[in-house]
>>> print(open('my_file_13.cif').read())   # mmCIF, C-alpha atoms
data_target
#
loop_
_atom_site.label_atom_id
_atom_site.label_comp_id
_atom_site.auth_asym_id
_atom_site.auth_seq_id
_atom_site.Cartn_x
_atom_site.Cartn_y
_atom_site.Cartn_z
CA MET A 1 10.75 14.52 1.95
CA ASN A 2 7.44 16.42 2.04
CA ASP A 3 5.04 16.52 4.96
CA GLN A 4 2.50 14.13 3.48
CA LEU A 5 5.01 11.30 3.77
CA GLN A 6 5.40 11.74 7.52
CA PRO A 7 4.19 8.78 9.62
CA THR A 8 0.65 9.00 10.91
CA ASP A 9 1.67 8.74 14.56
CA THR A 10 3.38 12.15 14.63
CA ASP A 11 0.19 14.03 15.40
CA LEU A 12 -1.11 11.23 17.61
CA ALA A 13 1.99 11.23 19.77
CA GLN A 14 1.86 15.01 20.04
CA LEU A 15 -1.79 14.83 21.05
CA ALA A 16 -0.96 12.27 23.71
CA THR A 17 1.86 14.45 25.03
CA ASP A 18 -0.23 17.63 25.18
CA SER A 19 -3.20 15.93 26.80
CA ALA A 20 -1.15 13.91 29.24
CA ALA A 21 0.43 17.09 30.60
CA ARG A 22 -2.97 17.90 32.10
CA ALA A 23 -3.63 14.37 33.37
CA PRO A 24 -2.68 12.93 36.80
CA GLN A 25 -0.35 10.43 35.17
CA ARG A 26 1.67 10.94 32.01
CA PRO A 27 1.76 7.92 29.66
CA GLU A 28 4.97 6.86 28.05
CA SER A 29 5.31 8.63 24.69
CA ALA A 30 6.02 6.79 21.47
CA ALA A 31 9.48 6.88 19.91
CA LEU A 32 8.75 8.66 16.66
CA ALA A 33 11.90 7.55 14.92
CA SER A 34 10.86 3.88 15.06
CA CYS A 35 7.09 4.01 14.77
CA SER A 36 5.14 1.20 13.13
CA VAL A 37 1.44 0.86 12.35
CA GLU A 38 0.94 -0.84 15.72
CA ASP A 39 2.67 2.12 17.41
CA VAL A 40 0.17 4.44 15.75
CA LEU A 41 -2.81 2.60 17.22
CA ARG A 42 -1.24 2.42 20.68
CA ALA A 43 -0.48 6.15 20.54
CA ALA A 44 -4.09 6.83 19.59
CA GLY A 45 -5.26 4.82 22.59
CA ARG A 46 -2.96 6.73 24.93
CA ALA A 47 -4.19 10.02 23.51
CA ARG A 48 -7.82 9.11 24.16
CA ALA A 49 -7.08 7.87 27.68
CA ALA A 50 -5.12 11.02 28.53
CA GLN A 51 -7.91 13.25 27.23
CA GLU A 52 -10.54 11.41 29.25
CA ALA A 53 -8.43 11.61 32.40
CA ALA A 54 -7.99 15.35 31.89
CA GLY A 55 -11.65 15.94 31.12
CA ILE A 56 -10.87 17.14 27.59
CA GLU A 57 -13.39 16.51 24.83
CA PRO A 58 -11.60 14.54 22.08
CA ASP A 59 -11.76 15.21 18.36
CA PRO A 60 -11.57 11.60 17.14
CA GLU A 61 -12.50 11.85 13.46
CA TRP A 62 -9.10 11.18 11.91
CA GLN A 63 -8.27 8.67 14.65
CA VAL A 64 -11.46 6.82 13.73
CA ARG A 65 -10.45 6.90 10.08
CA THR A 66 -7.04 5.50 11.02
CA ARG A 67 -8.71 2.53 12.75
CA GLN A 68 -11.03 2.00 9.79
CA LEU A 69 -8.03 1.76 7.46
CA GLN A 70 -6.35 -0.86 9.64
CA PRO A 71 -7.74 -3.81 7.58
CA VAL A 72 -5.99 -2.38 4.51
CA LEU A 73 -2.68 -2.14 6.35
CA GLU A 74 -3.07 -5.61 7.86
CA LEU A 75 -2.72 -7.10 4.36
CA LEU A 76 0.82 -5.75 4.08
CA PRO A 77 3.69 -8.11 4.91
CA ALA A 78 4.60 -7.75 8.58
CA VAL A 79 8.12 -6.56 7.78
CA ILE A 80 6.60 -3.61 5.89
CA ARG A 81 3.65 -3.01 8.21
CA LYS A 82 5.77 -2.87 11.37
CA ALA A 83 8.74 -0.92 10.05
CA SER A 84 9.24 2.76 10.67
CA ARG A 85 8.97 5.14 7.76
CA GLN A 86 12.72 5.77 7.81
CA ASP A 87 13.43 2.03 7.71
CA LEU A 88 11.28 1.74 4.59
CA VAL A 89 13.07 4.65 2.94
CA ASP A 90 16.45 3.11 3.75
CA ARG A 91 15.46 -0.19 2.12
CA MET A 92 14.44 1.36 -1.21
CA HIS A 93 16.53 2.21 -4.24
CA ALA A 94 16.23 5.93 -4.95
CA ARG A 95 14.43 5.36 -8.27
CA LEU A 96 11.77 3.27 -6.57
CA MET A 97 11.39 5.86 -3.84
CA ASN A 98 10.90 8.60 -6.41
CA ALA A 99 8.32 6.54 -8.30
CA VAL A 100 6.06 5.78 -5.32
CA GLY A 101 6.68 9.13 -3.65
CA SER A 102 5.37 11.02 -6.67
CA TRP A 103 2.50 8.66 -7.60
CA ARG A 104 -1.01 10.12 -7.32
CA TRP A 105 -4.49 8.63 -7.68
CA HIS A 106 -4.95 9.99 -11.20
CA ASP A 107 -1.73 8.34 -12.43
CA GLY A 108 -1.58 5.11 -14.40
CA ASN A 109 -0.18 1.68 -13.64
CA LEU A 110 3.29 1.29 -12.16
CA VAL A 111 5.54 -1.71 -12.81
CA LEU A 112 8.46 -1.98 -10.37
CA SER A 113 11.10 -4.40 -11.64
CA GLY A 114 14.40 -5.04 -9.90
CA ARG A 115 16.97 -7.27 -8.33
CA THR A 116 16.52 -8.92 -4.95
CA ARG A 117 16.66 -6.43 -2.06
CA ALA A 118 16.24 -3.40 -4.31
CA GLY A 119 13.10 -2.61 -2.33
CA LYS A 120 10.32 -3.32 -4.84
CA SER A 121 7.80 -4.68 -2.34
CA THR A 122 8.96 -2.15 0.23
CA ALA A 123 8.24 0.64 -2.25
CA ALA A 124 4.75 -0.70 -2.96
CA GLY A 125 4.07 -1.00 0.77
CA PHE A 126 5.37 2.51 1.35
CA LEU A 127 2.86 3.75 -1.21
CA VAL A 128 0.00 1.96 0.55
CA ARG A 129 0.99 3.41 3.91
CA ARG A 130 1.31 6.91 2.44
CA LEU A 131 -2.12 6.77 0.82
CA CYS A 132 -3.69 5.46 4.03
CA HIS A 133 -2.03 8.24 5.98
CA ASP A 134 -3.40 10.82 3.55
CA GLY A 135 -6.85 9.25 3.73
CA ALA A 136 -6.88 9.26 7.54
CA ARG A 137 -5.58 12.81 7.70
CA HIS A 138 -7.77 14.45 5.07
CA GLY A 139 -10.87 12.25 4.91
CA GLY A 140 -13.23 12.73 1.98
CA GLU A 141 -12.30 11.15 -1.34
CA ALA A 142 -8.76 10.31 -0.19
CA PHE A 143 -10.22 8.24 2.66
CA GLU A 144 -12.83 6.50 0.49
CA LEU A 145 -10.19 5.54 -2.06
CA ALA A 146 -7.75 4.34 0.60
CA LYS A 147 -10.40 2.02 2.08
CA SER A 148 -10.41 0.08 -1.19
CA ILE A 149 -6.68 -0.57 -1.58
CA ARG A 150 -5.80 -4.26 -1.81
CA TRP A 151 -2.41 -5.95 -1.45
CA GLN A 152 -2.23 -9.30 -3.23
CA GLU A 153 0.74 -11.64 -3.55
CA CYS A 154 0.75 -13.15 -7.04
CA ARG A 155 1.92 -16.57 -5.89
CA GLU A 156 -0.90 -16.78 -3.36
CA LEU A 157 -3.42 -15.70 -6.00
CA SER A 158 -2.25 -18.43 -8.38
CA GLU A 159 -2.58 -21.04 -5.61
CA VAL A 160 -6.11 -19.87 -4.81
CA VAL A 161 -7.10 -20.19 -8.47
CA ARG A 162 -5.68 -23.71 -8.71
CA GLU A 163 -7.41 -24.83 -5.51
CA HIS A 164 -10.77 -23.17 -6.14
CA ARG A 165 -13.54 -25.67 -6.77
CA MET A 166 -14.61 -25.88 -10.40
CA GLY A 167 -18.18 -24.70 -10.89
CA GLY A 168 -18.10 -22.83 -7.59
CA GLY A 169 -18.08 -19.41 -9.19
CA GLU A 170 -15.29 -16.89 -9.02
CA ALA A 171 -12.78 -17.12 -6.18
CA PRO A 172 -13.36 -14.28 -3.64
CA GLU A 173 -9.74 -13.15 -4.04
CA ILE A 174 -10.30 -12.59 -7.76
CA THR A 175 -13.39 -10.48 -7.05
CA MET A 176 -11.60 -8.38 -4.43
CA CYS A 177 -8.68 -7.78 -6.80
CA LYS A 178 -11.07 -6.70 -9.54
CA TYR A 179 -12.88 -4.14 -7.39
CA ALA A 180 -9.93 -2.61 -5.50
CA ARG A 181 -9.52 1.06 -6.36
CA LEU A 182 -5.76 0.47 -6.15
CA LEU A 183 -4.45 -3.06 -6.52
CA ILE A 184 -0.92 -4.10 -5.58
CA LEU A 185 0.16 -7.30 -7.35
CA ASP A 186 3.32 -8.27 -5.51
CA ASP A 187 6.10 -10.44 -6.93
CA LEU A 188 4.74 -11.32 -10.36
CA GLY A 189 6.56 -14.38 -11.69
CA ALA A 190 6.80 -16.19 -14.99
CA ASN A 191 4.72 -19.14 -13.74
CA ASP A 192 1.81 -17.24 -12.20
CA ASP A 193 -1.69 -17.85 -13.54
CA ARG A 194 -1.85 -15.54 -16.55
CA THR A 195 -5.49 -16.16 -17.39
CA SER A 196 -6.67 -14.88 -14.01
CA LEU A 197 -4.29 -11.94 -14.10
CA GLU A 198 -5.47 -10.97 -17.58
CA ARG A 199 -9.10 -11.18 -16.44
CA ILE A 200 -8.42 -9.02 -13.37
CA LEU A 201 -6.45 -6.42 -15.28
CA GLN A 202 -8.95 -6.20 -18.13
CA PHE A 203 -11.75 -5.58 -15.63
CA ARG A 204 -9.69 -2.80 -14.07
CA ILE A 205 -8.70 -1.29 -17.43
CA ASN A 206 -12.37 -0.90 -18.32
CA ARG A 207 -12.82 1.22 -15.18
CA ALA A 208 -9.47 3.05 -15.36
CA TRP A 209 -8.48 1.77 -11.91
CA PRO A 210 -4.70 1.70 -11.35
CA THR A 211 -2.54 -1.30 -10.51
CA VAL A 212 0.99 -1.44 -9.11
CA ILE A 213 2.97 -4.55 -10.04
CA THR A 214 6.30 -5.70 -8.58
CA THR A 215 8.48 -8.34 -10.21
CA GLY A 216 12.00 -9.65 -9.85
CA LEU A 217 12.17 -10.57 -13.53
CA ARG A 218 14.41 -8.44 -15.71
CA ALA A 219 12.68 -6.99 -18.74
CA ASP A 220 15.26 -4.50 -20.06
CA GLY A 221 12.56 -2.11 -21.18
CA PRO A 222 8.84 -2.37 -21.99
CA GLU A 223 9.56 -4.60 -25.00
CA GLY A 224 11.06 -7.19 -22.69
CA ILE A 225 7.83 -7.38 -20.67
CA GLU A 226 6.12 -8.97 -23.67
CA ARG A 227 8.90 -11.53 -23.94
CA LEU A 228 8.48 -12.42 -20.27
CA PHE A 229 4.70 -12.48 -19.93
CA GLY A 230 3.29 -12.77 -23.44
CA GLU A 231 1.45 -10.20 -25.52
CA ALA A 232 -1.96 -10.43 -23.82
CA LEU A 233 -0.75 -9.97 -20.23
CA SER A 234 2.06 -7.51 -20.97
CA ALA A 235 -0.29 -5.15 -22.82
CA ARG A 236 -2.60 -5.06 -19.80
CA LEU A 237 0.19 -4.38 -17.32
CA PHE A 238 0.53 -0.82 -18.61
CA GLU A 239 -3.09 0.09 -19.40
CA CYS A 240 -5.26 2.20 -17.12
CA GLY A 241 -7.84 4.10 -19.11
CA ALA A 242 -6.15 6.93 -20.99
CA ASN A 243 -3.10 6.78 -18.72
CA LYS A 244 0.00 5.00 -19.92
CA GLY A 245 1.80 2.93 -17.34
CA LYS A 246 5.36 3.39 -16.19
CA LEU A 247 8.15 0.85 -15.88
CA VAL A 248 10.84 1.43 -13.24
CA GLU A 249 13.75 -1.01 -13.37
CA VAL A 250 16.51 -1.34 -10.77
CA PHE A 251 19.12 -3.94 -11.61
CA ASP A 252 22.28 -1.88 -11.18
CA VAL A 253 24.43 -2.47 -8.10
#
>>> encode(input="my_file_13.cif", output="structure tokens")
Amino acid sequence: MNDQLQPTDTDLAQLATDSAARAPQRPESAALASCSVEDVLRAAGRARAAQEAAGIEPDPEWQVRTRQLQPVLELLPAVIRKASRQDLVDRMHARLMNAVGSWRWHDGNLVLSGRTRAGKSTAAGFLVRRLCHDGARHGGEAFELAKSIRWQECRELSEVVREHRMGGGEAPEITMCKYARLLILDDLGANDDRTSLERILQFRINRAWPTVITTGLRADGPEGIERLFGEALSARLFECGANKGKLVEVFDV
């Protein structure tokens, strides 16, 4: 695996260790092999405390960016948010890992289809964590893009649409899905609200903003997507400006 996939807390824990060596008391260091997002934030806090105790002027810019990206990560399912990077890798089929590991901001939509426990949602969450790590580390455009990633469960979105008061305007969740620079639509099912999904995706197509979709439904190729979701929705699942989307299916044992 390349360096950009390393967990964010690596540098934080090292900073805490180096600074604490000069402090009166040495804080307990994080276990890198099992770090979660919460571990990252705790490590950052220890690093700052150790620096202050040692009288060292901190350089907090990327730590600040890490905290600012926390709301994006909080939308991830807890099992993905709290897992270590290695745990996520171990849960993913190799084809899914390759797809999200190689995806870049200029790429098109990605449809991850597979059997239960193949790691579809895990792969999508891994991608979100990787992009947030890159944004915190490098700042600039990578950070600005990462701030506008949104994770959205399709079942929850359909429930929101059904419960939203008629005449009350657009549901906030619909608006946030439209304007996310990267949208994750998790666990798309045959009974989800297609009208809302079509509206969201068409809005995003017009701006060439990518979407990652996970589904447990078996399509057996792009042609099968139309059979599952209908012509209007299936066509939008793969459109992102001039970029053609990619379907990754994992149904083998």
>>> resolve_selection(input="my_file_13.cif", expression="the PyMOL selection byres ((chain A and resi 105) around 10)", output="ChimeraX atom specification")
/A:103-104,106-108,131,142,145-146,181-182,209-210
>>> atom_distance(input="my_file_13.cif", atom1="atom CA of A:Glu223", atom2="atom CA of A:Ile174")
27.5 Å
>>> closest_residue(input="my_file_13.cif", among="A:Cys177, A:Leu188, A:Leu112, A:Leu247", to="A:Ile200", atoms="only C-alpha atoms")
A:Cys177
>>> resolve_selection(input="my_file_13.cif", expression="the PyMOL selection byres ((chain A and resi 183) around 6)", output="PyMOL selection string")
chain A and resi 149-150+180+182+184+211
>>> closest_residue(input="my_file_13.cif", among="A:Cys154, A:Val248, A:Ala208, A:Leu88", to="A:Tyr179", atoms="all atoms listed in the file")
A:Ala208
>>> closest_atom_pairs(input="my_file_13.cif", of="stretch 105-178 of chain A", to="stretch 58-72 of chain A", cutoff="8 Å", atoms="only C-alpha atoms", output="Markdown table")
| residue | atom | partner | partner_atom | distance |
| --- | --- | --- | --- | --- |
| A:Cys132 | CA | A:Leu69 | CA | 6.7 |
| A:His133 | CA | A:Thr66 | CA | 7.6 |
| A:Gly135 | CA | A:Arg65 | CA | 7.7 |
| A:Ala136 | CA | A:Arg65 | CA | 5.0 |
| A:Arg137 | CA | A:Trp62 | CA | 5.7 |
| A:His138 | CA | A:Trp62 | CA | 7.7 |
| A:Gly139 | CA | A:Trp62 | CA | 7.3 |
| A:Phe143 | CA | A:Arg65 | CA | 7.5 |
| A:Ala146 | CA | A:Leu69 | CA | 7.3 |
| A:Lys147 | CA | A:Leu69 | CA | 5.9 |
| A:Ser148 | CA | A:Val72 | CA | 7.6 |
| A:Ile149 | CA | A:Val72 | CA | 6.4 |
| A:Arg150 | CA | A:Val72 | CA | 6.6 |
| A:Trp151 | CA | A:Val72 | CA | 7.8 |
>>> write_last_selection(input="my_file_13.cif", atoms="C-alpha atoms", output="PDB file, keeping the file's coordinate frame")
ATOM      1  CA  CYS A 132      -3.690   5.460   4.030  1.00  0.00           C
ATOM      2  CA  HIS A 133      -2.030   8.240   5.980  1.00  0.00           C
ATOM      3  CA  GLY A 135      -6.850   9.250   3.730  1.00  0.00           C
ATOM      4  CA  ALA A 136      -6.880   9.260   7.540  1.00  0.00           C
ATOM      5  CA  ARG A 137      -5.580  12.810   7.700  1.00  0.00           C
ATOM      6  CA  HIS A 138      -7.770  14.450   5.070  1.00  0.00           C
ATOM      7  CA  GLY A 139     -10.870  12.250   4.910  1.00  0.00           C
ATOM      8  CA  PHE A 143     -10.220   8.240   2.660  1.00  0.00           C
ATOM      9  CA  ALA A 146      -7.750   4.340   0.600  1.00  0.00           C
ATOM     10  CA  LYS A 147     -10.400   2.020   2.080  1.00  0.00           C
ATOM     11  CA  SER A 148     -10.410   0.080  -1.190  1.00  0.00           C
ATOM     12  CA  ILE A 149      -6.680  -0.570  -1.580  1.00  0.00           C
ATOM     13  CA  ARG A 150      -5.800  -4.260  -1.810  1.00  0.00           C
ATOM     14  CA  TRP A 151      -2.410  -5.950  -1.450  1.00  0.00           C
TER      15      TRP A 151
END
>>> atom_distance(input="my_file_13.cif", atom1="atom CA of A:Asp186", atom2="atom CA of A:Glu153")
4.7 Å
>>> atom_distance(input="my_file_13.cif", atom1="atom CA of A:Asn191", atom2="atom CA of A:Glu173")
18.4 Å
